[in-house]
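Undergrad: Coordinates in my_file-v1.tsv, TSV, C-alpha atoms, are listed below.
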chain	number	residue	atom	x	y	z
P	69	MET	CA	22.86	1.18	41.97
P	70	LEU	CA	23.83	4.79	42.64
P	71	LEU	CA	21.19	7.51	42.72
P	72	ILE	CA	22.66	9.13	39.59
P	73	GLU	CA	22.50	5.79	37.82
P	74	ARG	CA	18.81	5.41	38.67
P	75	HIS	CA	18.23	8.91	37.29
P	76	LEU	CA	20.05	8.01	34.06
P	77	LEU	CA	18.14	4.74	33.84
P	78	ARG	CA	14.85	6.62	33.93
P	79	GLN	CA	16.03	9.08	31.26
P	80	PHE	CA	17.26	6.31	28.95
P	81	ALA	CA	14.07	4.29	29.38
P	82	GLU	CA	11.85	7.28	28.60
P	83	SER	CA	13.85	8.08	25.47
P	84	VAL	CA	13.75	4.48	24.20
P	85	PHE	CA	10.02	4.25	24.91
P	86	ALA	CA	9.30	7.50	23.03
P	87	VAL	CA	11.30	6.41	19.98
P	88	THR	CA	9.62	3.00	20.05
P	89	ALA	CA	6.16	4.58	20.07
P	90	VAL	CA	7.02	6.80	17.09
P	91	LEU	CA	8.55	3.97	15.08
P	92	LEU	CA	5.61	1.66	15.79
P	93	LEU	CA	3.13	4.30	14.63
P	94	VAL	CA	5.10	4.82	11.42
P	95	SER	CA	5.38	1.07	10.90
P	96	LEU	CA	1.65	0.54	11.45
P	97	GLY	CA	0.94	3.20	8.86
P	98	GLY	CA	3.13	1.43	6.32
P	99	LEU	CA	1.64	-1.98	7.11
P	100	LEU	CA	-1.89	-0.59	6.84
P	101	THR	CA	-1.09	0.91	3.43
P	102	ASP	CA	0.28	-2.42	2.18
P	103	LEU	CA	-2.76	-4.31	3.45
P	104	ILE	CA	-5.21	-1.91	1.83
P	105	ALA	CA	-3.32	-2.30	-1.45
P	106	GLU	CA	-3.52	-6.10	-1.16
P	107	ILE	CA	-7.24	-5.91	-0.40
P	108	SER	CA	-7.86	-3.72	-3.44
P	109	ARG	CA	-6.08	-6.29	-5.63
P	110	GLY	CA	-8.03	-9.18	-4.13
P	111	LYS	CA	-5.12	-10.74	-2.28
P	112	VAL	CA	-6.62	-10.41	1.20
P	113	PRO	CA	-10.29	-10.34	2.29
P	114	ALA	CA	-11.33	-6.98	3.68
P	115	SER	CA	-12.75	-8.61	6.81
P	116	LEU	CA	-9.24	-9.73	7.82
P	117	LEU	CA	-7.76	-6.23	7.77
P	118	LEU	CA	-7.45	-5.67	11.53
P	119	SER	CA	-6.45	-9.27	12.28
P	120	LEU	CA	-3.65	-9.32	9.72
P	121	LEU	CA	-2.52	-5.85	10.76
P	122	GLY	CA	-2.06	-7.06	14.33
P	123	LEU	CA	-0.28	-10.26	13.29
P	124	ARG	CA	2.08	-8.51	10.89
P	125	SER	CA	2.90	-5.81	13.45
P	126	ILE	CA	4.03	-8.58	15.83
P	127	ARG	CA	6.50	-9.86	13.25
P	128	PHE	CA	7.68	-6.30	12.63
P	129	LEU	CA	8.75	-5.91	16.27
P	130	THR	CA	12.01	-7.73	15.56
P	131	LEU	CA	12.94	-4.98	13.10
P	132	VAL	CA	11.62	-1.97	14.99
P	133	LEU	CA	12.84	-2.64	18.54
P	134	PRO	CA	16.60	-2.83	17.80
P	135	LEU	CA	16.43	0.49	15.95
P	136	ALA	CA	14.32	2.05	18.71
P	137	LEU	CA	16.79	0.90	21.36
P	138	PHE	CA	19.75	2.22	19.40
P	139	ALA	CA	18.23	5.59	18.48
P	140	GLY	CA	16.70	6.13	21.93
P	141	LEU	CA	19.97	5.47	23.74
P	142	MET	CA	21.92	7.68	21.36
P	143	LEU	CA	19.50	10.59	21.84
P	144	ALA	CA	19.51	10.24	25.62
P	145	ILE	CA	23.31	10.00	25.89
P	146	ALA	CA	23.82	12.83	23.37
P	147	ARG	CA	21.57	15.01	25.52
P	148	LEU	CA	23.99	14.49	28.42
P	149	TYR	CA	26.80	15.83	26.24
P	150	ALA	CA	24.70	18.70	24.88
P	151	ASP	CA	23.71	19.88	28.36
P	152	SER	CA	27.28	19.47	29.66
P	153	GLU	CA	26.04	16.88	32.15
P	154	MET	CA	28.64	14.42	30.94
P	155	SER	CA	31.40	16.89	31.82
P	156	VAL	CA	30.04	17.15	35.33
P	157	LEU	CA	29.88	13.36	35.63
P	158	ALA	CA	33.43	13.03	34.31
P	159	SER	CA	34.69	15.53	36.89
P	160	ILE	CA	33.64	13.16	39.67
P	161	GLY	CA	35.05	10.10	37.94
P	162	LEU	CA	31.88	8.89	36.17
P	163	GLY	CA	33.01	8.70	32.55
P	164	PRO	CA	31.12	7.24	29.58
P	165	GLN	CA	32.18	3.73	30.53
P	166	ARG	CA	30.32	4.04	33.84
P	167	LEU	CA	27.04	4.35	31.89
P	168	TRP	CA	27.05	0.64	31.13
P	169	ARG	CA	24.82	-0.22	34.08
P	170	PRO	CA	21.78	1.96	33.20
P	171	VAL	CA	22.26	1.05	29.54
P	172	PHE	CA	22.29	-2.64	30.47
P	173	TRP	CA	19.05	-2.46	32.46
P	174	VAL	CA	17.33	-0.57	29.64
P	175	ALA	CA	18.62	-2.91	26.91
P	176	LEU	CA	17.94	-6.17	28.75
P	177	PRO	CA	14.10	-6.20	28.51
P	178	VAL	CA	14.26	-4.97	24.90
P	179	VAL	CA	16.69	-7.73	23.91
P	180	LEU	CA	14.56	-10.35	25.68
P	181	LEU	CA	11.43	-9.08	23.91
P	182	VAL	CA	13.22	-9.17	20.54
P	183	ALA	CA	14.37	-12.74	21.24
P	184	PHE	CA	10.85	-13.78	22.25
P	185	ALA	CA	9.30	-12.18	19.17
P	186	SER	CA	11.96	-13.56	16.82
P	187	LEU	CA	12.10	-17.13	18.13
P	188	TRP	CA	8.46	-17.78	19.04
P	189	LEU	CA	5.95	-14.96	18.63
P	190	GLY	CA	6.94	-14.05	15.07
P	191	PRO	CA	6.64	-17.60	13.66
P	192	TRP	CA	3.35	-18.07	15.51
P	193	SER	CA	1.88	-14.87	14.02
P	194	ALA	CA	3.11	-15.84	10.53
P	195	LYS	CA	1.40	-19.22	10.82
P	196	GLN	CA	-1.81	-17.65	12.08
P	197	ALA	CA	-1.87	-15.17	9.18
P	198	LYS	CA	-1.22	-17.93	6.65
P	199	ASP	CA	-3.97	-20.13	8.09
P	200	MET	CA	-6.47	-17.26	8.12
P	201	ILE	CA	-5.86	-16.50	4.44
P	202	GLU	CA	-6.12	-20.18	3.51
P	203	VAL	CA	-9.46	-20.46	5.31
P	204	ALA	CA	-10.63	-17.28	3.59
P	205	ASN	CA	-9.85	-18.80	0.20
P	206	ARG	CA	-12.18	-21.69	1.02
P	207	SER	CA	-15.07	-19.68	2.39
P	208	PHE	CA	-17.29	-17.04	0.84
P	209	LEU	CA	-18.23	-15.78	4.29
P	210	ILE	CA	-14.73	-14.68	5.27
P	211	ALA	CA	-14.18	-13.31	1.77
P	212	GLY	CA	-16.96	-10.82	2.47
P	213	LEU	CA	-19.88	-12.35	0.55
P	214	GLU	CA	-23.29	-11.97	2.17
P	215	PRO	CA	-26.43	-13.78	1.00
P	216	GLY	CA	-28.80	-11.56	-0.95
P	217	ARG	CA	-26.17	-8.92	-1.87
P	218	PHE	CA	-24.24	-8.30	-5.10
P	219	VAL	CA	-20.48	-8.10	-4.49
P	220	GLU	CA	-17.38	-7.72	-6.63
P	221	MET	CA	-15.35	-10.84	-7.22
P	222	PRO	CA	-11.66	-10.86	-6.14
P	223	GLY	CA	-9.61	-8.88	-8.61
P	224	ARG	CA	-12.71	-6.86	-9.66
P	225	ASN	CA	-13.31	-9.16	-12.61
P	226	GLY	CA	-17.03	-9.66	-12.15
P	227	ILE	CA	-20.16	-9.60	-9.99
P	228	LEU	CA	-21.29	-12.44	-7.74
P	229	TYR	CA	-24.61	-13.03	-6.00
P	230	VAL	CA	-25.95	-15.94	-3.94
P	231	GLY	CA	-29.35	-16.25	-2.37
P	232	ASP	CA	-28.35	-18.58	0.46
P	233	LEU	CA	-25.07	-19.77	2.05
P	234	SER	CA	-24.22	-22.68	4.31
P	235	THR	CA	-22.79	-22.01	7.76
P	236	ASP	CA	-19.22	-22.77	6.64
P	237	GLY	CA	-19.51	-20.56	3.55
P	238	THR	CA	-18.65	-23.28	1.01
P	239	LYS	CA	-22.12	-24.33	-0.24
P	240	PHE	CA	-24.68	-22.02	-1.76
P	241	ARG	CA	-28.03	-21.81	-3.54
P	242	HIS	CA	-29.42	-19.51	-6.25
P	243	LEU	CA	-26.13	-18.32	-7.72
P	244	PHE	CA	-25.62	-15.50	-10.23
P	245	VAL	CA	-22.16	-14.76	-11.70
P	246	GLN	CA	-21.35	-12.10	-14.28
P	247	THR	CA	-17.84	-11.74	-15.70
P	248	GLU	CA	-16.39	-9.80	-18.62
P	249	ARG	CA	-13.13	-10.38	-20.43
P	250	ASP	CA	-11.85	-9.01	-23.74
P	251	GLY	CA	-15.24	-7.48	-24.51
P	252	ARG	CA	-17.21	-10.69	-24.02
P	253	LEU	CA	-19.86	-11.04	-21.36
P	254	ASP	CA	-20.43	-14.29	-19.48
P	255	ILE	CA	-23.45	-14.80	-17.21
P	256	VAL	CA	-23.97	-18.00	-15.22
P	257	THR	CA	-26.89	-18.95	-12.98
P	258	ALA	CA	-27.34	-22.12	-10.95
P	259	GLN	CA	-29.74	-23.57	-8.44
P	260	GLU	CA	-26.99	-24.80	-6.11
P	261	GLY	CA	-23.29	-25.54	-5.88
P	262	ASP	CA	-20.17	-25.41	-3.76
P	263	LEU	CA	-16.73	-23.79	-3.67
P	264	GLN	CA	-13.60	-25.92	-4.14
P	265	LEU	CA	-9.97	-24.90	-3.75
P	266	GLN	CA	-7.29	-26.32	-6.05
P	267	GLY	CA	-3.74	-25.43	-5.16
P	268	GLU	CA	-3.07	-22.25	-3.18
P	269	THR	CA	-4.91	-19.71	-5.34
P	270	GLN	CA	-7.16	-21.47	-7.88
P	271	ARG	CA	-10.82	-21.73	-6.84
P	272	LEU	CA	-13.68	-23.42	-8.70
P	273	LEU	CA	-17.44	-23.04	-8.41
P	274	ARG	CA	-19.05	-26.45	-8.96
P	275	LEU	CA	-22.55	-25.66	-10.15
P	276	LYS	CA	-25.65	-27.79	-10.59
P	277	ASN	CA	-28.77	-27.23	-12.70
P	278	GLY	CA	-28.23	-23.84	-14.26
P	279	PHE	CA	-27.92	-21.71	-17.41
P	280	ARG	CA	-25.01	-19.96	-19.08
P	281	VAL	CA	-25.25	-16.98	-21.44
P	282	GLU	CA	-22.11	-15.87	-23.30
P	283	GLY	CA	-21.42	-13.36	-26.04
P	284	ALA	CA	-19.87	-10.05	-27.10
P	285	THR	CA	-21.28	-6.85	-25.65
P	286	GLY	CA	-23.09	-4.76	-28.22
P	287	ALA	CA	-23.45	-7.71	-30.63
P	288	LYS	CA	-26.18	-10.27	-31.33
P	289	ASP	CA	-24.18	-13.48	-31.15
P	290	PHE	CA	-25.16	-14.44	-27.61
P	291	ARG	CA	-25.47	-18.13	-26.85
P	292	MET	CA	-27.46	-19.74	-24.05
P	293	MET	CA	-27.03	-23.26	-22.80
P	294	HIS	CA	-28.49	-25.34	-20.01
P	295	PHE	CA	-26.30	-27.59	-17.88
P	296	GLU	CA	-26.76	-30.17	-15.20
P	297	ARG	CA	-23.22	-29.75	-13.87
P	298	ASN	CA	-20.63	-27.11	-14.65
P	299	GLU	CA	-17.44	-25.66	-13.20
P	300	VAL	CA	-16.71	-21.94	-13.22
P	301	ARG	CA	-13.27	-20.71	-12.31
P	302	VAL	CA	-13.25	-17.84	-9.87
P	303	PRO	CA	-10.55	-15.27	-10.75
P	304	ASP	CA	-7.51	-16.17	-8.72
P	305	ARG	CA	-6.16	-13.93	-6.07
P	306	ASP	CA	-2.89	-12.34	-7.05
P	307	PRO	CA	-0.12	-14.74	-6.04
P	308	THR	CA	1.75	-13.51	-3.01
P	309	VAL	CA	5.28	-14.32	-2.02
P	310	SER	CA	4.81	-16.93	0.67
P	311	ASN	CA	7.62	-17.84	3.01
P	312	ASP	CA	6.67	-21.14	4.59
P	313	LEU	CA	9.85	-21.12	6.67
P	314	ALA	CA	8.70	-17.98	8.47
P	315	ALA	CA	5.66	-19.88	9.76
P	316	LYS	CA	7.68	-22.81	11.13
P	317	ASP	CA	8.47	-22.88	14.82
P	318	THR	CA	12.08	-22.65	15.90
P	319	LEU	CA	12.25	-26.21	17.24
P	320	SER	CA	11.23	-27.54	13.82
P	321	LEU	CA	13.99	-25.52	12.18
P	322	LEU	CA	16.54	-27.01	14.58
P	323	ARG	CA	15.65	-30.48	13.33
P	324	GLN	CA	16.08	-29.50	9.67
P	325	ASN	CA	19.44	-29.62	7.89
P	326	ASP	CA	18.62	-27.89	4.60
P	327	SER	CA	20.14	-24.51	3.80
P	328	GLY	CA	16.80	-22.66	3.83
P	329	SER	CA	15.91	-23.80	7.33
P	330	ARG	CA	19.38	-23.02	8.63
P	331	SER	CA	19.32	-19.52	7.15
P	332	GLU	CA	15.92	-18.83	8.75
P	333	LEU	CA	17.19	-20.14	12.09
P	334	HIS	CA	20.31	-17.98	12.01
P	335	TRP	CA	18.20	-14.96	11.03
P	336	ARG	CA	16.03	-15.44	14.11
P	337	LEU	CA	19.09	-15.73	16.32
P	338	ALA	CA	20.64	-12.68	14.66
P	339	MET	CA	18.01	-10.14	15.75
P	340	PRO	CA	18.52	-10.24	19.56
P	341	LEU	CA	22.30	-10.36	19.06
P	342	PHE	CA	22.06	-7.38	16.73
P	343	ALA	CA	20.13	-5.48	19.40
P	344	VAL	CA	22.95	-6.18	21.90
P	345	VAL	CA	25.57	-4.89	19.46
P	346	LEU	CA	23.58	-1.71	18.78
P	347	ALA	CA	23.18	-1.04	22.51
P	348	ILE	CA	26.96	-1.21	22.95
P	349	PHE	CA	27.53	0.96	19.88
P	350	ALA	CA	25.22	3.65	21.27
P	351	LEU	CA	27.64	4.66	24.02
P	352	PRO	CA	30.66	5.68	21.90
P	353	LEU	CA	28.70	6.84	18.86
P	354	ALA	CA	26.56	9.26	20.88
P	355	ARG	CA	29.58	11.38	21.84
P	356	SER	CA	29.01	14.97	20.72
P	357	GLU	CA	30.05	18.51	21.52
P	358	PRO	CA	28.04	20.71	23.89
P	359	ARG	CA	25.11	22.48	22.19
P	360	GLN	CA	25.60	20.39	19.05
P	361	PRO	CA	22.29	19.65	17.25
P	362	GLN	CA	21.07	16.15	18.00
P	363	TYR	CA	18.97	15.64	14.89
P	364	GLY	CA	21.97	14.52	12.88
P	365	LEU	CA	22.38	11.61	15.29
P	366	ILE	CA	19.03	10.20	14.13
P	367	LEU	CA	20.27	10.01	10.54
P	368	PHE	CA	23.60	8.60	11.69
P	369	ALA	CA	21.87	5.95	13.83
P	370	LEU	CA	19.64	5.02	10.90
P	371	LEU	CA	22.65	4.63	8.60
P	372	VAL	CA	24.46	2.40	11.11
P	373	TYR	CA	21.31	0.32	11.58
P	374	LEU	CA	20.78	-0.03	7.82
P	375	LEU	CA	24.40	-1.04	7.27
P	376	GLY	CA	24.17	-3.78	9.90
P	377	MET	CA	20.73	-4.92	8.73
P	378	LEU	CA	21.77	-5.10	5.08
P	379	SER	CA	24.83	-7.12	6.09
P	380	LEU	CA	22.64	-9.58	7.99
P	381	LEU	CA	20.21	-9.84	5.08
P	382	ALA	CA	23.06	-10.48	2.66
P	383	GLY	CA	24.48	-13.15	4.97
P	384	THR	CA	21.05	-14.79	5.30
P	385	TYR	CA	20.70	-14.87	1.51
P	386	LEU	CA	24.12	-16.47	1.12
P	387	LEU	CA	23.18	-19.10	3.69
P	388	GLY	CA	19.85	-19.82	2.05
P	389	SER	CA	21.40	-20.16	-1.40
P	390	GLY	CA	24.03	-22.59	-0.09
P	391	ARG	CA	26.99	-20.32	-0.85
P	392	LEU	CA	28.01	-20.32	2.81
P	393	PRO	CA	28.24	-23.39	5.05
P	394	SER	CA	25.45	-23.58	7.60
P	395	LEU	CA	27.92	-24.09	10.45
P	396	LEU	CA	29.40	-20.66	9.73
P	397	GLY	CA	25.97	-19.09	10.13
P	398	LEU	CA	26.00	-15.33	10.66
P	399	TRP	CA	28.72	-15.44	13.30
P	400	TRP	CA	31.21	-14.08	10.77
P	401	LEU	CA	29.15	-10.88	10.96
P	402	HIS	CA	28.19	-10.91	14.65
P	403	LEU	CA	31.68	-11.39	16.07
P	404	PRO	CA	33.39	-8.55	14.13
P	405	MET	CA	30.53	-6.15	14.91
P	406	LEU	CA	30.62	-7.13	18.58
P	407	ALA	CA	34.41	-6.81	18.74
P	408	LEU	CA	34.29	-3.36	17.12
P	409	ALA	CA	31.54	-2.20	19.47
P	410	LEU	CA	33.46	-3.40	22.56
P	411	TRP	CA	36.69	-1.83	21.33
P	412	MET	CA	35.00	1.54	20.74
P	413	PHE	CA	33.32	1.32	24.14
P	414	LEU	CA	36.53	0.49	26.01
P	415	ARG	CA	38.52	3.32	24.45
P	416	ASP	CA	35.78	5.93	24.70
P	417	GLY	CA	36.14	8.62	27.31
P	418	ARG	CA	38.54	7.08	29.74
P	419	VAL	CA	38.56	9.35	32.76
P	420	ALA	CA	41.92	9.91	34.35
P	421	PRO	CA	41.97	10.06	38.14
P	422	PRO	CA	41.98	13.60	39.57
P	423	ALA	CA	45.50	15.00	39.89
P	424	ALA	CA	46.79	15.36	43.42
P	425	THR	CA	47.10	18.98	44.55
P	426	PRO	CA	50.41	20.02	46.13
What would you get if you wrote out this structure as structure tokens?
TA:
Amino acid sequence: MLLIERHLLRQFAESVFAVTAVLLLVSLGGLLTDLIAEISRGKVPASLLLSLLGLRSIRFLTLVLPLALFAGLMLAIARLYADSEMSVLASIGLGPQRLWRPVFWVALPVVLLVAFASLWLGPWSAKQAKDMIEVANRSFLIAGLEPGRFVEMPGRNGILYVGDLSTDGTKFRHLFVQTERDGRLDIVTAQEGDLQLQGETQRLLRLKNGFRVEGATGAKDFRMMHFERNEVRVPDRDPTVSNDLAAKDTLSLLRQNDSGSRSELHWRLAMPLFAVVLAIFALPLARSEPRQPQYGLILFALLVYLLGMLSLLAGTYLLGSGRLPSLLGLWWLHLPMLALALWMFLRDGRVAPPAATP
């Protein structure tokens, strides 16, 4: 590799790294906001905030890294045009097409990381997040309940208190539950009981040897009853959109023939290929005039990224709904985008050999 190519490689890598850091910070802020909203609605236990934030950020890498690679390369190459460095390079026969080598060595680790995150790390993190939430639904401990302390029930529909908890958080003693709905107050006490999960969201408290008081607030029609056994339904967590296919490993998807599994598989393959296409697009699309503002390139790169991403999402939806044959996959999108990127790269900035002087 030439010395100038090593210099360009360092510039491109620094630009891509800076854009990646900014995009990751913005993405983490958005993910944190979504998680806090889910915690406030009782979807996710507060104690799992940091764990789920880390797992979801891993899955988000497949979306952030292609954009960071594209925008970082465009900014770095556009800076060469703005500072007239590209004109100097062209004068010695190093046109835009000769930039492929530093671009390749910058894009290669990013593409490999996207492929690793899309094909293995993303499904693993999705499965871990799903398992953690399922365990939390079965345990008062992970849900944030501590013995001897009054806490709000999920969904803020009542108050819950237990005097003692088992080590796994499913059995308890000395329970107090207060709920209110439509102006009617319901208070339940029990000597002991356990927590049972039915389905994905419905949870029941199976109580033994307790009392129940129920009636309208502000009225005198309260009723009290004693029971040997009773079941109290804990307010369900808000149902979340669960994508079980996202938690399946790639090898399992290869063995499935249904349209949903095939669409998920092609989506995972699409992300590293999309990163390759964007890296090739960056060379011709970054062309600009000297001293031209570079901030418009960020918006242009974002629009190109969104157009390609929306096309891939639409293709994945068509595959999942069975409107497209699984054998066709997303290649009908990849191949035209790749052909267009190569054509634009090959015709961009061809440098004619210096004219011979008489």
Undergrad: How many Å separate atom CA of P:Leu403 from atom CA of P:Leu319?
TA: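 Pair atom CA of P:Leu403 / atom CA of P:Leu319 returns 24.5 Å.
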Undergrad: Given the choices P:Leu70, P:Glu299, P:Ala150, P:Val112, which gets closest to P:Arg166 if the distance is worked out from only C-alpha atoms?
TA: P:Leu70
Undergrad: Extract, using all atoms listed in the file, all DNA, RNA and protein residues at most 10 Å from P:Gln259, discarding same-chain residues fewer than 5 positions from it, and format them as a ChimeraX atom specification.
TA: /P:230-231,240-244,275-279,296
Undergrad: So what do you get for atom CA of P:Glu220 versus atom CA of P:Leu117, distance-wise?
TA: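 About the pair atom CA of P:Glu220 and atom CA of P:Leu117: they are 17.4 Å apart.
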Undergrad: Quick one: residues within 7 Å of stretch 180-189 of chain P, all atoms listed in the file counted, chain neighbours fewer than 2 positions away excluded, as a list in words?
TA: Arg127, Leu129, Thr130, Leu133, Leu176, Pro177, Val178, Pro191, Trp192, Ser193, Asp317, Thr318, Arg336, Met339 and Pro340 of chain P
Undergrad: Considering all atoms listed in the file, state which residue in the set P:Leu273, P:Leu91, P:Ala315, P:Val174 is at the smallest distance from P:Leu123.
TA: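 The closest residue to P:Leu123 is P:Ala315.
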Undergrad: If we count all atoms listed in the file, what is near stretch 169-171 of chain P at a cut-off of 9 Å, once residues fewer than 5 positions away on the same chain are taken out, given as a list in words?
TA: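 Skipping anything fewer than 5 positions along the chain leaves Met69, Glu73, Arg74, His75, Leu76, Leu77, Arg78, Phe80, Ala81, Leu141, Leu176, Ala347, Ile348 and Leu351 of chain P.
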Undergrad: Given only C-alpha atoms as the basis, pick out the residue of P:Ser83, P:Thr257, P:Leu143, P:Ala194 nearest to P:Ile126.
TA: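 Closest residue, counting only C-alpha atoms: P:Ala194.
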Undergrad: Measuring atom to atom with all atoms listed in the file, identify which of P:Arg249, P:Lys195, P:Arg280, P:Arg297 is nearest to P:Asp262.
TA: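 Going through P:Arg249, P:Lys195, P:Arg280, P:Arg297 one by one, the smallest distance to P:Asp262 is for P:Arg297.
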Undergrad: By how many Å are atom CA of P:Ala258 and atom CA of P:Phe295 apart?
TA: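 Separating atom CA of P:Ala258 from atom CA of P:Phe295 is a distance of 8.9 Å.
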Undergrad: Considering all atoms listed in the file, can you say which of P:Trp399, P:Ala409, P:His294, P:Leu370 comes closest to P:Val344?
TA: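 Using all atoms listed in the file, the shortest distance to P:Val344 belongs to P:Ala409.
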Undergrad: My list of candidates is P:Ser379, P:Ile255, P:Leu346, P:Leu392. Which is closest to P:Gly328 when distances are computed with all atoms listed in the file?
TA: P:Leu392
Undergrad: Using only C-alpha atoms, determine which residues lie at most 12 Å from P:Pro393, disregarding the query and same-chain residues fewer than 4 positions distant; provide the list as a ChimeraX atom specification.
TA: /P:325-328,330-331,334,383-389,397-400
Undergrad: Find the residues around P:Thr247 up to 7 Å (all atoms listed in the file counted), leave out those fewer than 3 positions away in its own chain, and share them as a compact mmCIF listing (two decimals) with C-alpha atoms, in the coordinates of the input.
TA:
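What ended up in result_28.txt:
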# COMPACT_ATOMS: atom_id res chain seq x y z
CA ASN P 225 -13.31 -9.16 -12.61
CA GLY P 226 -17.03 -9.66 -12.15
CA ILE P 227 -20.16 -9.60 -9.99
CA LEU P 253 -19.86 -11.04 -21.36
CA ASP P 254 -20.43 -14.29 -19.48
CA ILE P 255 -23.45 -14.80 -17.21
Undergrad: What would stretch 386-392 of chain P look like if you wrote it out as a compact mmCIF listing (two decimals), in the first residue's frame, with all heavy atoms included, from the block I just posted?
TA:
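Result saved to out-v3.txt:
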# COMPACT_ATOMS: atom_id res chain seq x y z
N LEU P 386 -42.93 -8.52 2.26
CA LEU P 386 -43.52 -9.31 1.18
C LEU P 386 -43.13 -10.77 1.29
O LEU P 386 -43.93 -11.68 1.01
CB LEU P 386 -43.09 -8.73 -0.17
CG LEU P 386 -43.63 -7.34 -0.50
CD1 LEU P 386 -43.05 -6.85 -1.83
CD2 LEU P 386 -45.16 -7.34 -0.57
N LEU P 387 -41.88 -11.03 1.70
CA LEU P 387 -41.46 -12.42 1.90
C LEU P 387 -42.21 -13.07 3.06
O LEU P 387 -42.66 -14.22 2.96
CB LEU P 387 -39.96 -12.48 2.16
CG LEU P 387 -39.03 -12.31 0.97
CD1 LEU P 387 -37.58 -12.24 1.45
CD2 LEU P 387 -39.19 -13.46 -0.01
N GLY P 388 -42.33 -12.34 4.15
CA GLY P 388 -43.00 -12.90 5.31
C GLY P 388 -44.48 -13.16 5.10
O GLY P 388 -45.04 -14.10 5.68
N SER P 389 -45.11 -12.34 4.27
CA SER P 389 -46.54 -12.52 3.99
C SER P 389 -46.80 -13.54 2.89
O SER P 389 -47.96 -13.82 2.58
CB SER P 389 -47.17 -11.18 3.61
OG SER P 389 -46.55 -10.65 2.44
N GLY P 390 -45.73 -14.08 2.28
CA GLY P 390 -45.90 -15.08 1.24
C GLY P 390 -46.19 -14.51 -0.13
O GLY P 390 -46.51 -15.28 -1.06
N ARG P 391 -46.09 -13.22 -0.31
CA ARG P 391 -46.38 -12.61 -1.62
C ARG P 391 -45.21 -12.75 -2.58
O ARG P 391 -45.38 -12.53 -3.78
CB ARG P 391 -46.73 -11.13 -1.44
CG ARG P 391 -47.96 -10.91 -0.56
CD ARG P 391 -48.28 -9.44 -0.42
NE ARG P 391 -49.40 -9.24 0.50
CZ ARG P 391 -49.88 -8.03 0.82
NH1 ARG P 391 -49.33 -6.94 0.30
NH2 ARG P 391 -50.89 -7.94 1.67
N LEU P 392 -44.04 -13.05 -2.04
CA LEU P 392 -42.87 -13.29 -2.88
C LEU P 392 -42.34 -14.69 -2.59
O LEU P 392 -42.36 -15.13 -1.43
CB LEU P 392 -41.77 -12.26 -2.61
CG LEU P 392 -41.96 -10.86 -3.17
CD1 LEU P 392 -40.80 -9.98 -2.73
CD2 LEU P 392 -42.07 -10.87 -4.68
